[in-house]
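Here's entry-v6.cif, which has mmCIF, C-alpha atoms and all ligand atoms:
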```
data_model
#
loop_
_atom_site.label_atom_id
_atom_site.label_comp_id
_atom_site.auth_asym_id
_atom_site.auth_seq_id
_atom_site.Cartn_x
_atom_site.Cartn_y
_atom_site.Cartn_z
CA MET A 1 -13.37 9.70 -11.89
CA MET A 2 -10.01 10.11 -10.22
CA GLU A 3 -8.41 13.54 -10.01
CA SER A 4 -5.41 14.14 -12.28
CA ALA A 5 -2.53 11.87 -11.37
CA GLY A 6 -0.22 14.90 -11.56
CA THR A 7 3.32 14.80 -12.86
CA LEU A 8 6.68 14.09 -11.28
CA SER A 9 7.70 17.24 -9.44
CA ALA A 10 11.14 18.54 -8.55
CA THR A 11 10.59 17.03 -5.09
CA VAL A 12 10.66 13.46 -6.36
CA PRO A 13 13.44 11.44 -4.67
CA ARG A 14 15.96 9.56 -6.76
CA TYR A 15 15.13 5.85 -6.44
CA GLU A 16 18.86 5.11 -6.65
CA ASP A 17 19.44 7.16 -3.46
CA LEU A 18 17.47 4.64 -1.40
CA GLU A 19 19.56 1.98 0.27
CA ILE A 20 18.19 -1.45 -0.62
CA PRO A 21 20.32 -4.57 0.02
CA ALA A 22 21.66 -5.89 -3.28
CA GLY A 23 20.45 -9.38 -2.43
CA ASP A 24 16.83 -8.29 -1.96
CA ARG A 25 15.25 -6.92 -5.11
CA GLY A 26 11.85 -8.44 -4.39
CA THR A 27 10.67 -6.50 -1.33
CA ALA A 28 10.52 -2.81 -2.24
CA VAL A 29 8.16 -1.31 -4.79
CA SER A 30 9.81 -0.93 -8.20
CA LYS A 31 11.08 2.41 -9.49
CA ALA A 32 8.15 2.66 -11.91
CA GLU A 33 5.67 1.92 -9.11
CA ALA A 34 7.36 4.43 -6.78
CA GLU A 35 7.26 7.18 -9.40
CA PHE A 36 3.65 6.37 -10.28
CA MET A 37 2.73 6.66 -6.60
CA HIS A 38 4.51 10.00 -6.33
CA ALA A 39 2.60 11.43 -9.28
CA LEU A 40 -0.69 9.96 -8.05
CA VAL A 41 -0.35 11.26 -4.49
CA ALA A 42 0.83 14.69 -5.66
CA GLY A 43 -2.31 14.96 -7.80
CA LEU A 44 -4.60 13.87 -4.96
CA LYS A 45 -3.34 16.58 -2.58
CA PRO A 46 -4.08 14.50 0.53
CA ARG A 47 -4.23 15.95 4.05
CA ALA A 48 -2.76 12.75 5.51
CA THR A 49 -1.59 9.41 4.13
CA LEU A 50 -1.28 5.86 5.42
CA GLU A 51 0.85 2.86 4.64
CA VAL A 52 0.86 -0.73 5.88
CA GLY A 53 4.30 -2.38 5.71
CA MET A 54 7.18 0.05 5.41
CA GLY A 55 9.94 -2.37 4.41
CA TYR A 56 12.85 -0.38 2.96
CA GLY A 57 10.84 2.86 2.95
CA CYS A 58 10.72 3.16 -0.85
CA SER A 59 6.97 3.58 -1.07
CA ALA A 60 7.03 5.84 2.01
CA ALA A 61 9.71 8.09 0.48
CA PHE A 62 7.71 8.62 -2.71
CA ILE A 63 4.39 9.10 -0.89
CA ILE A 64 5.77 11.51 1.72
CA SER A 65 7.76 13.58 -0.77
CA ALA A 66 4.65 13.94 -2.94
CA ALA A 67 2.47 15.42 -0.23
CA ARG A 68 4.60 16.37 2.82
CA VAL A 69 1.68 15.78 5.17
CA PRO A 70 1.46 13.37 8.14
CA HIS A 71 2.18 9.84 6.91
CA TYR A 72 1.07 7.02 9.22
CA ALA A 73 3.11 3.87 8.68
CA MET A 74 3.42 0.60 10.55
CA ASP A 75 5.81 -2.30 10.42
CA PRO A 76 6.60 -4.76 13.23
CA MET A 77 9.68 -6.20 11.53
CA GLN A 78 11.93 -3.24 10.68
CA ALA A 79 14.82 -5.11 12.33
CA ASP A 80 14.53 -7.78 9.61
CA TYR A 81 14.98 -4.97 7.07
CA HIS A 82 18.04 -3.50 8.88
CA HIS A 83 15.84 -0.54 9.93
CA LEU A 84 16.37 0.75 6.40
CA GLY A 85 12.83 2.11 6.12
CA LEU A 86 13.52 4.59 8.88
CA LYS A 87 17.14 5.15 7.81
CA ASN A 88 16.22 5.91 4.19
CA LEU A 89 13.55 8.42 5.20
CA ARG A 90 15.98 10.11 7.58
CA LYS A 91 18.66 10.25 4.87
CA LEU A 92 16.21 11.92 2.46
CA GLY A 93 15.05 14.39 5.13
CA LEU A 94 11.50 13.04 5.00
CA ASP A 95 11.19 11.54 8.50
CA SER A 96 9.59 14.62 10.09
CA HIS A 97 6.32 13.74 8.34
CA LEU A 98 6.41 10.12 9.50
CA ARG A 99 4.16 8.81 12.29
CA PHE A 100 5.64 5.34 12.69
CA PHE A 101 4.21 2.38 14.63
CA PRO A 102 6.60 -0.58 15.13
CA ASP A 103 3.55 -2.79 15.25
CA TYR A 104 1.32 -5.16 13.30
CA SER A 105 -1.42 -3.44 11.31
CA HIS A 106 -4.09 -5.39 13.22
CA THR A 107 -2.94 -3.46 16.31
CA ALA A 108 -1.99 -0.08 14.80
CA LEU A 109 -4.97 0.41 12.46
CA PRO A 110 -7.68 0.01 15.16
CA ARG A 111 -5.66 2.42 17.28
CA LEU A 112 -5.62 5.05 14.53
CA LEU A 113 -9.34 4.50 13.98
CA SER A 114 -10.14 4.95 17.66
CA GLU A 115 -8.03 8.12 17.74
CA GLY A 116 -10.16 9.55 14.92
CA VAL A 117 -7.32 9.74 12.39
CA LYS A 118 -8.48 10.33 8.80
CA VAL A 119 -6.44 9.92 5.61
CA ASP A 120 -7.04 10.53 1.91
CA PHE A 121 -4.65 7.89 0.59
CA ALA A 122 -3.67 4.44 1.87
CA PHE A 123 -1.09 2.05 0.44
CA ILE A 124 -1.36 -1.60 1.46
CA ASP A 125 1.84 -3.65 1.21
CA GLY A 126 2.17 -5.43 4.57
CA GLY A 127 1.30 -9.07 5.20
CA HIS A 128 0.38 -10.72 1.90
CA ARG A 129 -2.02 -13.47 2.92
CA PHE A 130 -5.68 -12.96 2.05
CA ASP A 131 -6.72 -12.33 5.63
CA ASP A 132 -3.85 -9.83 6.20
CA ILE A 133 -4.83 -7.79 3.15
CA PHE A 134 -8.55 -8.04 3.88
CA ILE A 135 -8.09 -6.74 7.45
CA ASP A 136 -5.86 -3.94 6.16
CA PHE A 137 -8.45 -2.94 3.56
CA TYR A 138 -11.25 -3.16 6.14
CA TYR A 139 -9.58 -0.73 8.52
CA ALA A 140 -8.08 1.50 5.84
CA ASP A 141 -11.61 1.98 4.50
CA LEU A 142 -12.87 3.05 7.93
CA ILE A 143 -10.00 5.55 8.21
CA LEU A 144 -10.31 6.79 4.61
CA GLU A 145 -12.13 10.01 3.78
CA ARG A 146 -14.82 9.91 1.08
CA GLY A 147 -13.10 10.59 -2.24
CA GLY A 148 -9.92 8.96 -0.92
CA HIS A 149 -7.93 6.18 -2.61
CA ILE A 150 -6.60 2.80 -1.52
CA LEU A 151 -3.74 1.29 -3.51
CA LEU A 152 -3.01 -2.44 -3.25
CA HIS A 153 0.45 -3.73 -4.15
CA ASP A 154 1.24 -7.17 -5.59
CA ALA A 155 -1.73 -7.65 -7.87
CA TRP A 156 0.08 -10.74 -9.20
CA MET A 157 -0.89 -12.55 -5.99
CA ARG A 158 -4.18 -14.41 -5.73
CA SER A 159 -4.65 -13.10 -2.20
CA THR A 160 -4.57 -9.49 -3.46
CA GLN A 161 -6.83 -10.25 -6.43
CA THR A 162 -9.32 -11.98 -4.14
CA VAL A 163 -9.53 -8.96 -1.82
CA ALA A 164 -10.04 -6.73 -4.88
CA SER A 165 -12.72 -9.11 -6.13
CA TRP A 166 -14.51 -8.89 -2.76
CA VAL A 167 -14.47 -5.08 -3.03
CA ARG A 168 -15.74 -5.13 -6.62
CA ARG A 169 -18.51 -7.65 -5.95
CA ASN A 170 -19.58 -6.69 -2.45
CA LYS A 171 -18.54 -3.30 -1.19
CA THR A 172 -20.72 -0.38 -2.17
CA GLY A 173 -19.20 3.08 -2.48
CA TYR A 174 -16.02 2.02 -4.25
CA GLU A 175 -14.89 2.16 -7.85
CA ALA A 176 -11.81 0.65 -9.47
CA VAL A 177 -9.51 3.20 -11.11
CA PRO A 178 -7.36 1.84 -13.95
CA THR A 179 -3.60 2.21 -13.52
CA PRO A 180 -0.89 1.76 -16.15
CA LEU A 181 1.00 -0.66 -13.86
CA LYS A 182 -0.34 -4.19 -13.71
CA ASN A 183 1.01 -4.95 -10.23
CA LEU A 184 -1.11 -2.19 -8.63
CA ILE A 185 -4.85 -2.09 -7.92
CA LEU A 186 -6.31 1.36 -7.25
CA LEU A 187 -9.69 1.78 -5.56
CA ARG A 188 -11.54 5.02 -4.98
CA LYS A 189 -14.07 5.56 -2.20
CA THR A 190 -17.02 7.27 -3.81
CA GLY A 191 -19.61 6.95 -1.06
CA GLU A 192 -20.86 5.15 2.00
CA ASP A 193 -21.41 1.46 2.52
CA VAL A 194 -25.15 0.95 2.03
CA ARG A 195 -25.33 -2.85 2.00
CA ALA A 196 -28.18 -4.62 3.74
CA TRP A 197 -27.28 -6.49 6.96
CA ASN A 198 -27.56 -9.84 5.17
CA HIS A 199 -25.80 -8.84 1.96
CA PHE A 200 -23.34 -11.34 0.54
CA ARG A 201 -22.05 -12.07 -2.94
CA GLY A 202 -19.49 -14.74 -3.64
CA PHE A 203 -16.16 -13.30 -4.77
CA ALA A 204 -14.06 -16.23 -5.89
CA THR A 205 -11.94 -15.28 -8.87
CA TRP A 206 -9.74 -17.10 -11.33
CA LYS A 207 -7.83 -13.90 -12.02
CA SER A 208 -4.10 -14.21 -11.34
CA LEU A 209 -4.26 -18.01 -10.93
CA LEU A 210 -1.68 -18.36 -13.70
CA SER A 211 0.41 -15.26 -12.90
CA HIS A 212 0.51 -16.21 -9.20
CA SER A 213 1.92 -19.65 -9.98
CA LEU A 214 4.36 -18.36 -12.62
CA ASN A 215 5.58 -15.46 -10.47
CA THR A 216 5.99 -17.68 -7.41
CA LEU A 217 8.10 -20.09 -9.47
CA LYS A 218 10.14 -17.27 -11.02
CA ARG A 219 10.81 -15.66 -7.63
CA ARG A 220 11.73 -19.01 -6.10
CA ILE A 221 14.26 -19.66 -8.87
CA ARG A 222 15.76 -16.16 -8.46
CA GLY A 223 15.85 -16.51 -4.65
CA ARG A 224 13.57 -13.48 -4.37
CA LEU A 225 10.78 -15.06 -2.37
CA PRO A 226 10.70 -13.64 1.17
CA ALA A 227 10.34 -16.25 3.93
C1 LIG A 301 6.93 -6.00 0.82
S1 LIG A 301 7.48 -5.17 2.26
C2 LIG A 301 7.03 -3.51 2.00
C3 LIG A 301 7.99 -2.79 1.08
C4 LIG A 301 7.78 -1.30 1.02
N1 LIG A 301 6.50 -0.98 0.42
C5 LIG A 301 8.89 -0.64 0.23
O1 LIG A 301 8.64 -0.11 -0.86
O2 LIG A 301 10.04 -0.64 0.70
C6 LIG A 301 6.31 -5.74 3.41
C7 LIG A 301 6.52 -5.16 4.81
O3 LIG A 301 5.34 -5.43 5.57
C8 LIG A 301 5.71 -5.74 6.87
N2 LIG A 301 4.60 -6.51 7.43
C9 LIG A 301 4.35 -7.83 7.31
N3 LIG A 301 3.21 -8.16 7.96
C10 LIG A 301 2.73 -6.99 8.48
C11 LIG A 301 1.60 -6.65 9.26
N4 LIG A 301 0.70 -7.58 9.61
N5 LIG A 301 1.43 -5.36 9.62
C12 LIG A 301 2.31 -4.41 9.25
N6 LIG A 301 3.41 -4.67 8.50
C13 LIG A 301 3.62 -5.94 8.13
C14 LIG A 301 7.03 -6.48 6.75
O4 LIG A 301 7.79 -6.36 7.93
C15 LIG A 301 7.68 -5.77 5.58
O5 LIG A 301 8.51 -4.74 6.02
#
```
Mind turning this structure into structure tokens?
Amino acid sequence: MMESAGTLSATVPRYEDLEIPAGDRGTAVSKAEAEFMHALVAGLKPRATLEVGMGYGCSAAFIISAARVPHYAMDPMQADYHHLGLKNLRKLGLDSHLRFFPDYSHTALPRLLSEGVKVDFAFIDGGHRFDDIFIDFYYADLILERGGHILLHDAWMRSTQTVASWVRRNKTGYEAVPTPLKNLILLRKTGEDVRAWNHFRGFATWKSLLSHSLNTLKRRIRGRLPA
């Protein structure tokens, strides 16, 4: 089972202090998600953390402030987000813990792996297509210590649910940890991958078929769907 998720400490940033453009309420993690992540990471006491897709730096601010250990983050499109990820972390005095790569995860993650970096917590919120998330999980797993956790954002998306379904049905040495927030999927690495060389189980899932369509429509109507 997961260690205690901890409680919000005095070090928790105020979500309202983060600068997020008024016209873009769909990119950053929500306040509830950010505070959940802070409590989770504080309880895990990680030695290093990782994040794919920094965006406005909301998730980074709540992860870094919870642990104050090296936080590896990557994002090739900070310019599209007015460099607010970096600016917000600087404003909150959290940037000294940041090891930032202005790069795609498919470039930065293999680099971290080859450098022997190890983390105890990884948050995946970068590219949102199935193959993006799958590659991010694949490398995050190789970088993750045993006992570490991987948190997937946007569980409403079929791409995210399908990656989670692959983990549940195929990957050994992982267990799903329930979270109170339905848009997050938390996975804990309990052991090594002991699959046979020819192992394969189908992982198609109907889960989120409805919520994906409804959420896509809702976001399109509200103009909250990123390009
Ligand atoms: C939804 S936003 C992340 C929001 C962030 N978690 C927050 O709370 O502010 C997704 C981010 O992933 C970045 N991104 C997209 N594809 C990526 C990739 N392949 N590798 C790394 N980052 C990527 C985008 O530039 C964007 O900043």
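One finds atom CA of A:Glu51 at 9.8 Å from atom C7 of ligand LIG 301 (chain A).
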What's the 6 Å shell around stretch 97-106 of chain A, counting only C-alpha atoms, without same-chain residues fewer than 2 positions away, as a ChimeraX atom specification? /A:69-76,95,108-109
Name the residues in contact with A:Asn170 at a cut-off of 12 Å, using only C-alpha atoms, excluding same-chain residues fewer than 2 positions from it; report them as a VMD selection string. chain A and resid 162 to 168 172 to 175 193 to 196 198 to 204
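Every residue having at least one atom no farther than 6 Å from ligand LIG 301 (chain A) is included below, with all atoms listed in the file taken into account: Thr27, Ala28, Val29, Val52, Gly53, Met54, Gly55, Tyr56, Gly57, Cys58, Ser59, Met74, Asp75, Pro76, Met77, Gln78, Tyr104, Ser105, Asp125, Gly126 and Gly127 of chain A.
Atom CA of A:Arg146 is positioned 12.5 Å from atom CA of A:Arg47.
Using all atoms listed in the file for every distance, the candidate list A:His38, A:Arg219, A:His149, A:Arg90 yields A:Arg90 as the residue closest to A:Leu18.
For the choices A:Ala61, A:Ile133, A:Leu113, A:Val119, the atom-to-atom distance to A:Arg14 is smallest for A:Ala61 when using all atoms listed in the file.
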Of the candidates A:Leu209, A:Arg129, A:Leu94, A:Ile64, which one gets nearest to A:Thr160 if we count all atoms listed in the file? A:Arg129
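Residue nearest A:Leu184 within the list A:Tyr139, A:Trp156, A:Phe134, A:Tyr15: A:Trp156 [criterion: smallest interatomic distance, all atoms listed in the file].
Proximity ranking of A:Ile185, A:Ala176, A:Ala42, A:Ala155 relative to A:Ala66 places A:Ala42 first, based on only C-alpha atoms.
Distances here use all atoms listed in the file; by that measure, the residue among A:Pro180, A:Leu186, A:Leu151, A:Ile20 closest to A:Asn88 is A:Ile20.
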